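Novice: This is the structure, below, for whatever I ask next.
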Amino acid sequence: MDLIAVRTFVAAAEAGQFQIAAAQLAVTQQAVSKRVAALERDLGVPLFVRTARGARLSIDGQAFLPHARALLDAEERAAASVRPGRRPLRVDVIGRRLSVAGVLRDFHRAHPEVDLDVVILFDANAEAAATAVHSGAIDASFRCVTAPGTTLPDGVEATPVFDEPLQLFTGPAHEFATARAVTPARLAGRRVWMPGNVPGAEWSAYYEALAAEFGVAIDTIGPNFGVEGLLDTIAESSTIATFLSERTPLVWPAVHDLRRVPLRDPTPVYPHSLLWHAGNPHPGLATLRAYLASRPVRHLDSEVWTPPWALRSHPRADRARS
């Protein structure tokens with residue numbers, strides 16, 4: 001449907017006269033008449049009853065008017081969604097069920113005035129996210145920034161924001177199910193199943209470094225049936241465990257009796273950074289950066305481990321939720 005004709009129809013309906021609508025739209029009265037006539041042909045009904053005093057809506061015109069206004073509202077929302085300076089703040093996360101999404105939920109509660117659009121890029125590495133930030137496709141991205149092979153485009157900055165402690169996630173029959181804590185060194189040779197680790201993904205690079213450091217057998221073989229399938233497998237196994245963040249929100253059936261076991265001495269932490277462009281004028285970006293910088297620092301009671309190439313938010317500290 002020709003939205004210019006729809007806008008002209010709405011203007012004429014509200015003005016009551018084609019001449020007044022023409023002045024409001026900065027076109028000729030003849031142009032208004034032609035646009036309305038074309039819309040009437042498309043719809044197959046008369047929208048106005050023409051009189052010597054002007055034009056009044058027909059029965060069909062009265063029925064169409066609220067829908068025409070809704071079309072124009074939808075057009076404006078669609079344009080605003082991509083218009084720089086007016087569209088929502090577009091922030092990329094690597095998963096909606098991970099802690100970074102929780103951080104954004106907390107930000108939204110603290111700043112409901114900032115329109116927020118949470119997206120997930122198909123590319124699963126920091127370099128691809130940095131390219132999207134540089135182009136303006138997104139305003140910011142939460143990523144684990146890696147030094148080897150990762151180059152940031154000019155103007156794109158990486159600000160460490162929080163380090164996320166990992167836990168061992170087991171079923172009730174696993175040898176570490178009743179442990180109060182486990183050192184990563186004790187996991188040497190043990191099978192840790194992570195079917196979601198795909199080649200080239202930033203989290204895959206992190207877990208490859210962790211496996212090399214502590215001798216953990218990271219197993220990515222097998223179909224990835226999602227979180228529910230992973231939980232079912234872990235619950236039934238006495239030998240398979242996986243890694244989870246202590247902040248990953250999960251719900252499972254009580255009969256699974258799954259266990260979260262802290263990792264200590266050192267505690268592996270996943271280092272999250274915010275990628276953003278120094279020249280991005282979106283007002284919501286400054287608000288997000290200030291919010292992240294204001295979050296209190298949580299000091300861990302254990303030495304921490306990250307790959308040597310990872311940016312850290314704070315020595316021996318992790319950004320806690322406010």
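We label chains A, B, ... in the order they appear in the structure tokens, count residues from 1 in each chain, and number ligands from 1 in the order shown.
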If we count only C-alpha atoms, what is near His256 (chain A) at a cut-off of 7 Å, once residues fewer than 3 positions away on the same chain are taken out, given as a list in words?

Specialist: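 Final neighbour list, sorted by chain and number: Ala235, Trp252 and Pro253 of chain A.
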
Novice: For region 66-83 of chain A, please output as a ChimeraX atom specification all residues within 7 Å (counting only C-alpha atoms; exclusion window: fewer than 6 positions along the same chain).

Specialist: /A:6-7,10

Novice: Return as number ranges by chain the full set of residues in region 101-287 of chain A whose backbone-based DSSP assignment is strand (DSSP E).

Specialist: A: 116-119, 140-143, 156-170, 191-193, 217-219, 240-245, 259-262, 267-277

Novice: Excluding Glu228 (chain A) and residues on its chain fewer than 3 positions from it, collect all residues at most 10 Å away from it, counting only C-alpha atoms, and give them as a list in words.

Specialist: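 Non-adjacent residues within range: Asn224, Phe225, Leu231, Asp232, Thr233, Leu250, Val251 and Trp252 of chain A.
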
Novice: Would you mind telling me which residue in A:Pro195, A:Gly284, A:Pro184, A:Pro271 lies nearest to Cys144 (chain A) when using only C-alpha atoms?

Specialist: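 Using only C-alpha atoms, Cys144 (chain A) sits closest to A:Pro271.
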
Novice: Assign secondary structure with DSSP using the backbone only, and return the residues of region 62-191 of chain A in alpha helix (DSSP H) as a ChimeraX atom specification.

Specialist: /A:62-80,99-110,126-135

Novice: Could you write out that same residue set with C-alpha atoms as a PDB file, in the first residue's frame?

Specialist:
ATOM      1  CA  GLN A  62     -14.575   5.998   8.587  1.00  0.00           C
ATOM      2  CA  ALA A  63     -13.785   2.270   8.831  1.00  0.00           C
ATOM      3  CA  PHE A  64     -10.400   2.702   7.138  1.00  0.00           C
ATOM      4  CA  LEU A  65      -9.200   5.760   9.104  1.00  0.00           C
ATOM      5  CA  PRO A  66      -8.020   4.029  12.335  1.00  0.00           C
ATOM      6  CA  HIS A  67      -6.181   1.417  10.271  1.00  0.00           C
ATOM      7  CA  ALA A  68      -4.569   4.140   8.168  1.00  0.00           C
ATOM      8  CA  ARG A  69      -3.323   5.855  11.309  1.00  0.00           C
ATOM      9  CA  ALA A  70      -1.960   2.516  12.576  1.00  0.00           C
ATOM     10  CA  LEU A  71      -0.107   2.062   9.277  1.00  0.00           C
ATOM     11  CA  LEU A  72       1.553   5.465   9.664  1.00  0.00           C
ATOM     12  CA  ASP A  73       2.457   4.704  13.290  1.00  0.00           C
ATOM     13  CA  ALA A  74       4.019   1.414  12.196  1.00  0.00           C
ATOM     14  CA  GLU A  75       5.972   3.215   9.484  1.00  0.00           C
ATOM     15  CA  GLU A  76       7.370   5.645  12.033  1.00  0.00           C
ATOM     16  CA  ARG A  77       8.330   2.874  14.455  1.00  0.00           C
ATOM     17  CA  ALA A  78      10.007   0.947  11.654  1.00  0.00           C
ATOM     18  CA  ALA A  79      12.034   3.974  10.589  1.00  0.00           C
ATOM     19  CA  ALA A  80      12.928   4.856  14.188  1.00  0.00           C
ATOM     20  CA  SER A  99      24.911 -13.467  32.571  1.00  0.00           C
ATOM     21  CA  VAL A 100      25.511 -10.582  30.160  1.00  0.00           C
ATOM     22  CA  ALA A 101      21.810 -10.657  29.295  1.00  0.00           C
ATOM     23  CA  GLY A 102      21.131 -10.487  33.032  1.00  0.00           C
ATOM     24  CA  VAL A 103      23.366  -7.436  33.301  1.00  0.00           C
ATOM     25  CA  LEU A 104      21.330  -5.763  30.566  1.00  0.00           C
ATOM     26  CA  ARG A 105      18.106  -6.640  32.372  1.00  0.00           C
ATOM     27  CA  ASP A 106      19.486  -4.961  35.481  1.00  0.00           C
ATOM     28  CA  PHE A 107      20.475  -1.944  33.378  1.00  0.00           C
ATOM     29  CA  HIS A 108      16.974  -1.736  31.907  1.00  0.00           C
ATOM     30  CA  ARG A 109      15.424  -1.816  35.390  1.00  0.00           C
ATOM     31  CA  ALA A 110      17.748   0.975  36.505  1.00  0.00           C
ATOM     32  CA  ALA A 126      35.052 -10.581  19.067  1.00  0.00           C
ATOM     33  CA  GLU A 127      36.525  -9.455  15.758  1.00  0.00           C
ATOM     34  CA  ALA A 128      33.192  -9.840  13.947  1.00  0.00           C
ATOM     35  CA  ALA A 129      31.443  -7.980  16.776  1.00  0.00           C
ATOM     36  CA  ALA A 130      34.022  -5.186  16.584  1.00  0.00           C
ATOM     37  CA  THR A 131      33.380  -4.865  12.838  1.00  0.00           C
ATOM     38  CA  ALA A 132      29.639  -4.537  13.486  1.00  0.00           C
ATOM     39  CA  VAL A 133      30.328  -1.896  16.159  1.00  0.00           C
ATOM     40  CA  HIS A 134      32.586  -0.008  13.767  1.00  0.00           C
ATOM     41  CA  SER A 135      29.968  -0.006  10.989  1.00  0.00           C
TER      42      SER A 135
END

Novice: Using only C-alpha atoms, pick whichever of A:Ile240, A:Val91, A:Ile218, A:Val261 has the shortest atom-to-atom distance to Leu274 (chain A).

Specialist: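 Once distances to Leu274 (chain A) are computed over only C-alpha atoms, the minimum belongs to A:Val91.
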
Novice: Excluding same-chain residues fewer than 3 positions from Ala286 (chain A), what lies within 12 Å of it counting only C-alpha atoms, as a VMD selection string?

Specialist: chain A and resid 89 111 114 139 to 140 276 to 283 289 to 293

Novice: Near region 53-58 of chain A, counting only C-alpha atoms, which residues have an atom at most 12 Å away, once you skip same-chain residues fewer than 5 positions from it, shown as a PDB file with N, CA and C atoms, in the first residue's frame?

Specialist:
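Result file follows (selection-v1.pdb):
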ATOM      1  N   PHE A   9      -4.476  10.729   2.734  1.00  0.00           N
ATOM      2  CA  PHE A   9      -5.856  10.442   3.144  1.00  0.00           C
ATOM      3  C   PHE A   9      -6.088  10.864   4.589  1.00  0.00           C
ATOM      4  N   VAL A  10      -5.173  10.519   5.489  1.00  0.00           N
ATOM      5  CA  VAL A  10      -5.332  10.879   6.893  1.00  0.00           C
ATOM      6  C   VAL A  10      -5.350  12.395   7.065  1.00  0.00           C
ATOM      7  N   ALA A  11      -4.460  13.091   6.366  1.00  0.00           N
ATOM      8  CA  ALA A  11      -4.431  14.552   6.459  1.00  0.00           C
ATOM      9  C   ALA A  11      -5.737  15.160   5.976  1.00  0.00           C
ATOM     10  N   ALA A  12      -6.253  14.636   4.874  1.00  0.00           N
ATOM     11  CA  ALA A  12      -7.516  15.159   4.343  1.00  0.00           C
ATOM     12  C   ALA A  12      -8.679  14.843   5.275  1.00  0.00           C
ATOM     13  N   ALA A  13      -8.670  13.648   5.866  1.00  0.00           N
ATOM     14  CA  ALA A  13      -9.751  13.268   6.779  1.00  0.00           C
ATOM     15  C   ALA A  13      -9.750  14.159   8.007  1.00  0.00           C
ATOM     16  N   GLU A  14      -8.575  14.471   8.531  1.00  0.00           N
ATOM     17  CA  GLU A  14      -8.487  15.299   9.734  1.00  0.00           C
ATOM     18  C   GLU A  14      -8.764  16.765   9.434  1.00  0.00           C
ATOM     19  N   ALA A  15      -8.382  17.219   8.236  1.00  0.00           N
ATOM     20  CA  ALA A  15      -8.588  18.623   7.875  1.00  0.00           C
ATOM     21  C   ALA A  15     -10.019  18.894   7.438  1.00  0.00           C
ATOM     22  N   GLY A  16     -10.657  17.901   6.813  1.00  0.00           N
ATOM     23  CA  GLY A  16     -12.026  18.082   6.330  1.00  0.00           C
ATOM     24  C   GLY A  16     -12.089  18.724   4.960  1.00  0.00           C
ATOM     25  N   GLN A  17     -10.951  19.215   4.458  1.00  0.00           N
ATOM     26  CA  GLN A  17     -10.901  19.839   3.135  1.00  0.00           C
ATOM     27  C   GLN A  17      -9.579  19.479   2.463  1.00  0.00           C
ATOM     28  N   PHE A  18      -9.641  19.169   1.173  1.00  0.00           N
ATOM     29  CA  PHE A  18      -8.424  18.832   0.431  1.00  0.00           C
ATOM     30  C   PHE A  18      -7.475  20.023   0.366  1.00  0.00           C
ATOM     31  N   GLN A  19      -8.029  21.232   0.309  1.00  0.00           N
ATOM     32  CA  GLN A  19      -7.188  22.423   0.201  1.00  0.00           C
ATOM     33  C   GLN A  19      -6.339  22.601   1.454  1.00  0.00           C
ATOM     34  N   ILE A  20      -6.948  22.415   2.612  1.00  0.00           N
ATOM     35  CA  ILE A  20      -6.198  22.547   3.866  1.00  0.00           C
ATOM     36  C   ILE A  20      -5.157  21.436   3.975  1.00  0.00           C
ATOM     37  N   ALA A  21      -5.534  20.215   3.584  1.00  0.00           N
ATOM     38  CA  ALA A  21      -4.582  19.101   3.617  1.00  0.00           C
ATOM     39  C   ALA A  21      -3.407  19.380   2.689  1.00  0.00           C
ATOM     40  N   GLN A  29      -3.476  21.087  -4.326  1.00  0.00           N
ATOM     41  CA  GLN A  29      -4.754  20.431  -4.060  1.00  0.00           C
ATOM     42  C   GLN A  29      -4.994  19.321  -5.081  1.00  0.00           C
ATOM     43  N   VAL A  32      -3.299  16.171  -3.919  1.00  0.00           N
ATOM     44  CA  VAL A  32      -4.072  15.497  -2.877  1.00  0.00           C
ATOM     45  C   VAL A  32      -5.203  14.701  -3.505  1.00  0.00           C
ATOM     46  N   SER A  33      -5.923  15.308  -4.438  1.00  0.00           N
ATOM     47  CA  SER A  33      -7.050  14.627  -5.094  1.00  0.00           C
ATOM     48  C   SER A  33      -6.578  13.379  -5.827  1.00  0.00           C
ATOM     49  N   VAL A  36      -5.590  10.546  -3.256  1.00  0.00           N
ATOM     50  CA  VAL A  36      -6.771   9.938  -2.639  1.00  0.00           C
ATOM     51  C   VAL A  36      -7.500   9.076  -3.659  1.00  0.00           C
ATOM     52  N   GLU A  40      -8.309   5.096  -3.402  1.00  0.00           N
ATOM     53  CA  GLU A  40      -9.667   4.570  -3.543  1.00  0.00           C
ATOM     54  C   GLU A  40      -9.728   3.491  -4.614  1.00  0.00           C
ATOM     55  N   VAL A  45     -13.157   1.152  -3.025  1.00  0.00           N
ATOM     56  CA  VAL A  45     -14.291   1.798  -2.367  1.00  0.00           C
ATOM     57  C   VAL A  45     -14.023   3.300  -2.314  1.00  0.00           C
ATOM     58  N   PRO A  46     -15.072   4.133  -2.280  1.00  0.00           N
ATOM     59  CA  PRO A  46     -14.873   5.568  -2.072  1.00  0.00           C
ATOM     60  C   PRO A  46     -14.602   5.862  -0.606  1.00  0.00           C
ATOM     61  N   LEU A  47     -13.593   6.657  -0.335  1.00  0.00           N
ATOM     62  CA  LEU A  47     -13.246   7.001   1.039  1.00  0.00           C
ATOM     63  C   LEU A  47     -13.866   8.324   1.470  1.00  0.00           C
ATOM     64  N   PHE A  48     -14.190   9.156   0.501  1.00  0.00           N
ATOM     65  CA  PHE A  48     -14.783  10.460   0.797  1.00  0.00           C
ATOM     66  C   PHE A  48     -16.063  10.633  -0.004  1.00  0.00           C
ATOM     67  N   ALA A  63     -14.315   3.575   8.420  1.00  0.00           N
ATOM     68  CA  ALA A  63     -13.785   2.270   8.831  1.00  0.00           C
ATOM     69  C   ALA A  63     -12.280   2.176   8.587  1.00  0.00           C
ATOM     70  N   PHE A  64     -11.806   2.815   7.513  1.00  0.00           N
ATOM     71  CA  PHE A  64     -10.400   2.702   7.138  1.00  0.00           C
ATOM     72  C   PHE A  64      -9.500   3.627   7.946  1.00  0.00           C
ATOM     73  N   LEU A  65     -10.029   4.737   8.470  1.00  0.00           N
ATOM     74  CA  LEU A  65      -9.200   5.760   9.104  1.00  0.00           C
ATOM     75  C   LEU A  65      -8.349   5.228  10.262  1.00  0.00           C
TER      76      LEU A  65
END

Novice: Quick one: everything within 12 Å of Glu213 (chain A), counting only C-alpha atoms, minus sequence neighbours fewer than 6 positions away in the same chain. Send it as a PDB file with all heavy atoms, in the first residue's frame.

Specialist:
ATOM      1  N   PRO A 184      40.765 -26.744  39.767  1.00  0.00           N
ATOM      2  CA  PRO A 184      40.829 -27.139  38.358  1.00  0.00           C
ATOM      3  C   PRO A 184      41.833 -28.257  38.097  1.00  0.00           C
ATOM      4  O   PRO A 184      41.622 -29.086  37.200  1.00  0.00           O
ATOM      5  CB  PRO A 184      41.229 -25.838  37.654  1.00  0.00           C
ATOM      6  CG  PRO A 184      40.729 -24.758  38.545  1.00  0.00           C
ATOM      7  CD  PRO A 184      40.899 -25.282  39.931  1.00  0.00           C
ATOM      8  N   ALA A 185      42.902 -28.316  38.885  1.00  0.00           N
ATOM      9  CA  ALA A 185      43.906 -29.358  38.670  1.00  0.00           C
ATOM     10  C   ALA A 185      43.319 -30.754  38.875  1.00  0.00           C
ATOM     11  O   ALA A 185      43.765 -31.725  38.239  1.00  0.00           O
ATOM     12  CB  ALA A 185      45.084 -29.139  39.611  1.00  0.00           C
ATOM     13  N   LEU A 187      40.576 -31.753  37.874  1.00  0.00           N
ATOM     14  CA  LEU A 187      39.762 -32.106  36.711  1.00  0.00           C
ATOM     15  C   LEU A 187      40.599 -32.684  35.578  1.00  0.00           C
ATOM     16  O   LEU A 187      40.049 -33.031  34.529  1.00  0.00           O
ATOM     17  CB  LEU A 187      38.996 -30.876  36.213  1.00  0.00           C
ATOM     18  CG  LEU A 187      38.038 -30.218  37.206  1.00  0.00           C
ATOM     19  CD1 LEU A 187      37.380 -29.007  36.563  1.00  0.00           C
ATOM     20  CD2 LEU A 187      36.984 -31.210  37.689  1.00  0.00           C
ATOM     21  N   ALA A 188      41.898 -32.768  35.771  1.00  0.00           N
ATOM     22  CA  ALA A 188      42.779 -33.288  34.713  1.00  0.00           C
ATOM     23  C   ALA A 188      42.323 -34.683  34.293  1.00  0.00           C
ATOM     24  O   ALA A 188      42.139 -35.574  35.130  1.00  0.00           O
ATOM     25  CB  ALA A 188      44.223 -33.330  35.214  1.00  0.00           C
ATOM     26  N   GLY A 189      42.120 -34.856  33.006  1.00  0.00           N
ATOM     27  CA  GLY A 189      41.689 -36.133  32.457  1.00  0.00           C
ATOM     28  C   GLY A 189      40.206 -36.392  32.566  1.00  0.00           C
ATOM     29  O   GLY A 189      39.696 -37.344  31.967  1.00  0.00           O
ATOM     30  N   TYR A 206      38.428 -19.707  24.709  1.00  0.00           N
ATOM     31  CA  TYR A 206      38.629 -19.633  26.162  1.00  0.00           C
ATOM     32  C   TYR A 206      38.762 -21.036  26.756  1.00  0.00           C
ATOM     33  O   TYR A 206      39.685 -21.313  27.530  1.00  0.00           O
ATOM     34  CB  TYR A 206      37.465 -18.888  26.810  1.00  0.00           C
ATOM     35  CG  TYR A 206      37.508 -18.899  28.320  1.00  0.00           C
ATOM     36  CD1 TYR A 206      38.203 -17.933  29.025  1.00  0.00           C
ATOM     37  CD2 TYR A 206      36.860 -19.906  29.041  1.00  0.00           C
ATOM     38  CE1 TYR A 206      38.253 -17.953  30.415  1.00  0.00           C
ATOM     39  CE2 TYR A 206      36.901 -19.935  30.430  1.00  0.00           C
ATOM     40  CZ  TYR A 206      37.604 -18.953  31.101  1.00  0.00           C
ATOM     41  OH  TYR A 206      37.653 -18.982  32.475  1.00  0.00           O
ATOM     42  N   TYR A 207      37.834 -21.935  26.417  1.00  0.00           N
ATOM     43  CA  TYR A 207      37.859 -23.271  27.015  1.00  0.00           C
ATOM     44  C   TYR A 207      39.007 -24.130  26.484  1.00  0.00           C
ATOM     45  O   TYR A 207      39.490 -25.018  27.188  1.00  0.00           O
ATOM     46  CB  TYR A 207      36.510 -23.952  26.809  1.00  0.00           C
ATOM     47  CG  TYR A 207      35.445 -23.389  27.716  1.00  0.00           C
ATOM     48  CD1 TYR A 207      34.388 -22.632  27.204  1.00  0.00           C
ATOM     49  CD2 TYR A 207      35.513 -23.577  29.091  1.00  0.00           C
ATOM     50  CE1 TYR A 207      33.431 -22.091  28.037  1.00  0.00           C
ATOM     51  CE2 TYR A 207      34.554 -23.034  29.936  1.00  0.00           C
ATOM     52  CZ  TYR A 207      33.518 -22.296  29.405  1.00  0.00           C
ATOM     53  OH  TYR A 207      32.574 -21.742  30.247  1.00  0.00           O
ATOM     54  N   PRO A 266      43.068 -22.077  41.332  1.00  0.00           N
ATOM     55  CA  PRO A 266      42.407 -20.781  41.122  1.00  0.00           C
ATOM     56  C   PRO A 266      40.961 -20.963  40.644  1.00  0.00           C
ATOM     57  O   PRO A 266      40.558 -22.045  40.248  1.00  0.00           O
ATOM     58  CB  PRO A 266      43.253 -20.152  40.023  1.00  0.00           C
ATOM     59  CG  PRO A 266      43.666 -21.326  39.194  1.00  0.00           C
ATOM     60  CD  PRO A 266      43.892 -22.468  40.161  1.00  0.00           C
ATOM     61  N   PRO A 268      38.581 -20.192  37.707  1.00  0.00           N
ATOM     62  CA  PRO A 268      38.540 -19.710  36.322  1.00  0.00           C
ATOM     63  C   PRO A 268      37.420 -18.672  36.172  1.00  0.00           C
ATOM     64  O   PRO A 268      36.298 -18.895  36.627  1.00  0.00           O
ATOM     65  CB  PRO A 268      38.231 -20.963  35.508  1.00  0.00           C
ATOM     66  CG  PRO A 268      38.539 -22.112  36.414  1.00  0.00           C
ATOM     67  CD  PRO A 268      38.252 -21.620  37.799  1.00  0.00           C
ATOM     68  N   TRP A 305      41.949 -17.341  37.434  1.00  0.00           N
ATOM     69  CA  TRP A 305      42.664 -17.709  36.209  1.00  0.00           C
ATOM     70  C   TRP A 305      41.879 -17.237  35.009  1.00  0.00           C
ATOM     71  O   TRP A 305      40.643 -17.384  34.942  1.00  0.00           O
ATOM     72  CB  TRP A 305      42.853 -19.222  36.102  1.00  0.00           C
ATOM     73  CG  TRP A 305      43.508 -19.619  34.799  1.00  0.00           C
ATOM     74  CD1 TRP A 305      44.845 -19.737  34.557  1.00  0.00           C
ATOM     75  CD2 TRP A 305      42.851 -19.897  33.553  1.00  0.00           C
ATOM     76  NE1 TRP A 305      45.067 -20.071  33.246  1.00  0.00           N
ATOM     77  CE2 TRP A 305      43.851 -20.185  32.604  1.00  0.00           C
ATOM     78  CE3 TRP A 305      41.515 -19.935  33.150  1.00  0.00           C
ATOM     79  CZ2 TRP A 305      43.573 -20.503  31.284  1.00  0.00           C
ATOM     80  CZ3 TRP A 305      41.223 -20.244  31.824  1.00  0.00           C
ATOM     81  CH2 TRP A 305      42.240 -20.523  30.907  1.00  0.00           C
ATOM     82  N   THR A 306      42.591 -16.626  34.073  1.00  0.00           N
ATOM     83  CA  THR A 306      42.072 -16.351  32.735  1.00  0.00           C
ATOM     84  C   THR A 306      43.203 -16.645  31.758  1.00  0.00           C
ATOM     85  O   THR A 306      44.379 -16.676  32.147  1.00  0.00           O
ATOM     86  CB  THR A 306      41.642 -14.880  32.559  1.00  0.00           C
ATOM     87  OG1 THR A 306      42.760 -14.034  32.840  1.00  0.00           O
ATOM     88  CG2 THR A 306      40.483 -14.525  33.457  1.00  0.00           C
ATOM     89  N   PRO A 307      42.898 -16.845  30.485  1.00  0.00           N
ATOM     90  CA  PRO A 307      43.968 -16.976  29.503  1.00  0.00           C
ATOM     91  C   PRO A 307      44.854 -15.730  29.528  1.00  0.00           C
ATOM     92  O   PRO A 307      44.369 -14.623  29.812  1.00  0.00           O
ATOM     93  CB  PRO A 307      43.220 -17.100  28.170  1.00  0.00           C
ATOM     94  CG  PRO A 307      41.869 -17.605  28.542  1.00  0.00           C
ATOM     95  CD  PRO A 307      41.560 -16.997  29.872  1.00  0.00           C
ATOM     96  N   PRO A 308      46.136 -15.859  29.253  1.00  0.00           N
ATOM     97  CA  PRO A 308      47.031 -14.701  29.317  1.00  0.00           C
ATOM     98  C   PRO A 308      46.671 -13.584  28.356  1.00  0.00           C
ATOM     99  O   PRO A 308      47.048 -12.433  28.560  1.00  0.00           O
ATOM    100  CB  PRO A 308      48.406 -15.303  28.998  1.00  0.00           C
ATOM    101  CG  PRO A 308      48.112 -16.593  28.309  1.00  0.00           C
ATOM    102  CD  PRO A 308      46.849 -17.103  28.896  1.00  0.00           C
TER     103      PRO A 308
END

Novice: What's the separation between CA of His272 (chain A) and CA of Phe176 (chain A), in Å to one decimal place?

Specialist: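 Taking CA of His272 (chain A) as the start and CA of Phe176 (chain A) as the end point, the length is 27.8 Å.
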
Novice: Using only C-alpha atoms, which protein or nucleic acid residues come within 8 Å of Val182 (chain A)? Drop anything in the same chain fewer than 3 positions from it, and give the result as a PyMOL selection string.

Specialist: chain A and resi 176+179+186+261-264

Novice: Check the smallest atom-to-atom distance from each of A:Thr151, A:Ile4, A:Ala158, A:Arg191 to Ala31 (chain A) using only C-alpha atoms, then report the winner.

Specialist: A:Ile4

Novice: Find, counting only C-alpha atoms, the residue in A:Val156, A:Leu39, A:Ala181, A:Ile138 that gets nearest to Leu168 (chain A).

Specialist: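 Counting only C-alpha atoms, the residue closest to Leu168 (chain A) is A:Ala181.
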